[in-house]
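Since the structure comes first, as structure tokens, the remarks are kept for the end.
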Amino acid sequence: MTTSKLGPRVVTSRFGRPESWTLESYLESGGYQGLRKALTMAPEEVHKATSDSSILGRGGAGFDAGRKWGMLRKAEPVYLVVNGDESEPATFKDHALIEADPHQLIEGALICAYAIRAARVFLFIRGEMALGLERVQAALNEAYEYGAVGARIFGSDFSVDVVVHPGAGAYICGEETALLESLEGKRGYPRIKPPYYPAAIGLYGAPTVVNNVETLSNLPFIMRNGPEAFYSLGNGRSRGTKVMALSGHVRRPGNYELVFADVTFRDLIYDPALGGGIREDRELKAFIPGGVSAPWFGPEQLDVPLANEKIAEAGSMAGSGAVTVMDETTCPVRAAWRISRFFHRESCGQCTPCREGSGWVDKIMRRIEDGYGRQEDLELLLDICDNIAPGVTWPPAQTTICVLGPSIPSSVAWSIRMFRDDFLEHVRQGGCPFPPDRLAASLAHA
Amino acid sequence: MAHLGEDVLERARALVSLYPEKRSALIPLLHLVQEQDGYLSAEGMEEVAELLDLTPAEVRGTASFYEMFHLEPVGRYLVAVCTNIACMLAGAYELMEYIGHSLGARPGETTEDKMFTLEEAECLALCGNAPCLAVNWRYFGDMTPERWDGLAQDLREGRLADEVPPHGTLCRVRRSVGLMAGAAEGAAPPPAGKAPSPPPAAPDLTNRRSTSAAASTVMEAQVQ
């Protein structure tokens, strides 16, 4: 631990173990001890332990998990829905957690189900993750046989069933109310909040907790080691560890579990044990700190600590924990265009500002990149963004049912603010002044 | 009511029983239709509608929302190349161009021999191994033109039959038990061995070498 930036492994402790996804391997490494301990406690005590750990949701919004459970409307039945629909571009932590440690996810879900007395648990797994679906279903079958799921779990009087539910390809289903619509067998249209907060009116109208895969995967540790052990890691509101998904122009892209608030972006990107620096020793141009919905950062924000509130203070968001690094050869127009195109493709179509705005932004960005842009397109883009999310500020004002719409302006507005000259150079030259993105190995048509 | 095979119908009924409301089984059932037919056939969707007491329009209207459902036949291998930000920065569009040339198909098109359908995918969540692609939703990371050539060759010659099942086959592991929690009320014994429909030869995933697993191992190694 010479670099010491890698902290204790809370959720990735089994990564790299042979066949880490099997029950046998899981039991050898403390598996289901957290659930066993939880079952000796009252559900309220399990809830309190979670609140005391102060764990924030790991899905993107960063909402206090204990508080979320406490907001459930008092009615029966109550459902737990696990959000395993990870699709935020450049986020790949849940994918790894699902494939490498499905039992940990199941155990975490059962601990939560016990605390909130859920009538049933639905594991909503992104449809594209075929191997993940197979691993989770195989693990669940093992867990039933082991007595960890089903009737009278481990001899207690707690009984609950868990159902694996595959998605079918729609980014918007990561939004919790769209996910519930999808789980009810409908198009993934987000619901209006209020009144449709899942805790009040969720699945089939029943009070429902929707928690992210990484959030729940932390619970077995919290139960086994106590909330203090978790709370002692990190700082301020950001406690425990966070799995950071690092991608883009770094030497060592990958998932890194780090103590929350203890590491800066500079550490993550440049530490030899982490990102290892920019490929080919190039200069950093910009990075996206929390998934493509987040405003961009430049080199001057490298020393911002990886903590929800610190990143927010610096004007962006921690989001899903996805950091995408762009070096000096990156065309900011092309990068922002690709993100705009993503939102255009994934807009569910319910709200006009998002449905139409995303398409306009996509087309205008594309024509600038292709050399057909005009100088006034920059103001036009900002004007469209202002109509999607008035003020083009962060956090955004909202004209739409969900936050997909307000996520569109981030990359557009920040790329223009940070790299206006690059945009104008496209207009002046009638084309992109940057080299194409390169494949890691030799490019075939070179 | 004869389009879906008996085995598919049995699996469909088992799925329906897992949900408090029938309609929730719609997407899992559509995956079954796609597994049987390779795409969502009109007959298959109509039968799903009957099973769930929905109209065919409700079924089609839901299906058409989702990227993974194909209302028209696709090639034997659906090649989904991710071009989103992390892969783009690693040359995904250049890779896409190369693959398109090598297949003689553009994104959205199927090769004449019906072997490959090429698709431009959104982020597949394998960004630590960018650029990546999926073939029938089995993932391949750290792609290069050379690796694609080898992969295409292996697929054409059927050497990856275990790793890459036919299009539509999503989860090859079947649920081994029905709902068990309700059994507690009658003080029933623990669930083990009380499976209403035993798993029909679920593949042993523990020893299966999957390309995606290999890619995950790369990620796992990097966590250390």
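Chain labels run A, B, ... following the order of the structure tokens; each chain numbers its residues from 1, and ligands are numbered from 1 in the order shown.
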Give the alpha helix (DSSP H) residues of segment 98-244 of chain A, as DSSP finds them on the backbone, and put them as a PyMOL selection string. chain A and resi 98-100+102-116+130-146+176-183+213-217+219-225+227-231
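The environment of Val81 of chain B within 8 Å, counting only C-alpha atoms and disregarding residues fewer than 6 places along the same chain, consists of Ala92, Met96, Leu118, Glu119, Glu120, Ala121, Cys132, Leu133 and Ala134 of chain B.
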Can you write out the residues you just picked, keeping N, CA and C atoms, as an mmCIF file, in the first residue's frame?
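Saved to again17.cif:
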data_model
loop_
_atom_site.group_PDB
_atom_site.id
_atom_site.type_symbol
_atom_site.label_atom_id
_atom_site.label_comp_id
_atom_site.auth_asym_id
_atom_site.auth_seq_id
_atom_site.Cartn_x
_atom_site.Cartn_y
_atom_site.Cartn_z
ATOM 1 N N ALA B 92 -14.128 4.001 -31.360
ATOM 2 C CA ALA B 92 -15.266 3.148 -31.699
ATOM 3 C C ALA B 92 -15.815 3.420 -33.096
ATOM 4 N N MET B 96 -16.227 0.803 -35.938
ATOM 5 C CA MET B 96 -17.511 0.580 -36.606
ATOM 6 C C MET B 96 -17.342 0.617 -38.126
ATOM 7 N N LEU B 118 -25.705 -5.492 -38.103
ATOM 8 C CA LEU B 118 -24.838 -4.532 -37.424
ATOM 9 C C LEU B 118 -25.697 -3.457 -36.774
ATOM 10 N N GLU B 119 -25.346 -3.086 -35.546
ATOM 11 C CA GLU B 119 -26.109 -2.069 -34.815
ATOM 12 C C GLU B 119 -25.164 -1.125 -34.101
ATOM 13 N N GLU B 120 -25.565 0.133 -34.011
ATOM 14 C CA GLU B 120 -24.812 1.078 -33.199
ATOM 15 C C GLU B 120 -25.448 1.094 -31.820
ATOM 16 N N ALA B 121 -24.681 0.706 -30.809
ATOM 17 C CA ALA B 121 -25.253 0.574 -29.470
ATOM 18 C C ALA B 121 -24.899 1.771 -28.605
ATOM 19 N N CYS B 132 -15.751 -1.627 -27.057
ATOM 20 C CA CYS B 132 -16.326 -2.948 -26.860
ATOM 21 C C CYS B 132 -17.517 -3.147 -27.792
ATOM 22 N N LEU B 133 -17.920 -4.386 -27.933
ATOM 23 C CA LEU B 133 -19.128 -4.703 -28.692
ATOM 24 C C LEU B 133 -19.770 -5.925 -28.068
ATOM 25 N N ALA B 134 -21.005 -6.183 -28.466
ATOM 26 C CA ALA B 134 -21.699 -7.367 -27.981
ATOM 27 C C ALA B 134 -22.220 -8.137 -29.182
#
Could you check how far atom CA of Ala261 of chain A sits from atom CA of Pro409 of chain A, in Å to one decimal?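 Separation of atom CA of Ala261 of chain A and atom CA of Pro409 of chain A: 27.3 Å.
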Can you work out which one of B:Ile99, B:Val164, B:Leu71, B:Ala90 has the shortest atom-to-atom distance to Glu146 of chain B, counting only C-alpha atoms?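 Closest to Glu146 of chain B of all the choices is B:Ile99.
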DSSP on the backbone, strand (DSSP E) only: what residues of segment 134-359 of chain A does that give? Format it as a ChimeraX atom specification. /A:161-166,208-212,234-235,238-239,241-248,254-259,284-288,322-327
Atom CA of Trp337 of chain A to atom CA of Cys432 of chain A, distance in Å rounded to a single decimal: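 Between atom CA of Trp337 of chain A and atom CA of Cys432 of chain A the gap is 12.5 Å.
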Any idea what's packed within 12 Å of Glu24 of chain A, counting only C-alpha atoms, ignoring anything in its chain fewer than 2 positions away? Could you give it as an NGL selection string? (:A and (17-22 or 26-32 or 101 or 103 or 139 or 142-143 or 146)) or (:B and (206))
Those same residues - C-alpha atoms - I'd like them written as a short mmCIF file (atom, residue, chain, number, x, y, z; two decimals), in the first residue's frame.
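So the final result, stored in result21.cif, reads:
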data_model
loop_
_atom_site.label_atom_id
_atom_site.label_comp_id
_atom_site.auth_asym_id
_atom_site.auth_seq_id
_atom_site.Cartn_x
_atom_site.Cartn_y
_atom_site.Cartn_z
CA ARG A 17 -11.36 -14.41 -6.31
CA PRO A 18 -11.72 -17.58 -8.33
CA GLU A 19 -15.39 -18.09 -9.18
CA SER A 20 -16.36 -15.27 -6.87
CA TRP A 21 -19.94 -15.53 -8.10
CA THR A 22 -20.58 -18.97 -6.60
CA TYR A 26 -19.13 -16.48 -1.14
CA LEU A 27 -19.49 -18.53 2.03
CA GLU A 28 -15.73 -18.94 2.33
CA SER A 29 -15.42 -15.18 2.51
CA GLY A 30 -18.03 -14.30 5.14
CA GLY A 31 -21.04 -14.59 2.87
CA TYR A 32 -24.53 -14.28 4.38
CA ASP A 101 -20.46 -10.79 -6.67
CA HIS A 103 -24.59 -13.12 -3.81
CA ALA A 139 -26.80 -17.26 -7.43
CA GLU A 142 -28.22 -21.38 -4.87
CA ALA A 143 -29.48 -18.95 -2.23
CA TYR A 146 -29.17 -22.68 0.99
CA THR B 206 -19.19 -21.97 -12.92
#
Please determine, counting only C-alpha atoms, which residue among A:Thr329, A:Tyr204, A:Ile401, A:Ala170 has the shortest atom-to-atom distance to Arg438 of chain A. A:Thr329
Near Phe221 of chain A, within 7 Å and counting only C-alpha atoms, which residues show up once chain neighbours fewer than 4 positions away are dropped, as a PyMOL selection string? chain A and resi 10+34+225
What does the file look like for those residues with C-alpha atoms, as a compact mmCIF listing (two decimals), in the first residue's frame?
# COMPACT_ATOMS: atom_id res chain seq x y z
CA VAL A 10 -16.01 -2.94 1.13
CA GLY A 34 -24.57 -9.96 7.52
CA ASN A 225 -18.91 -4.84 10.90
Residue nearest Gly188 of chain A among B:Cys87, B:Phe65, B:Met115, B:Cys82 (counting only C-alpha atoms): B:Phe65
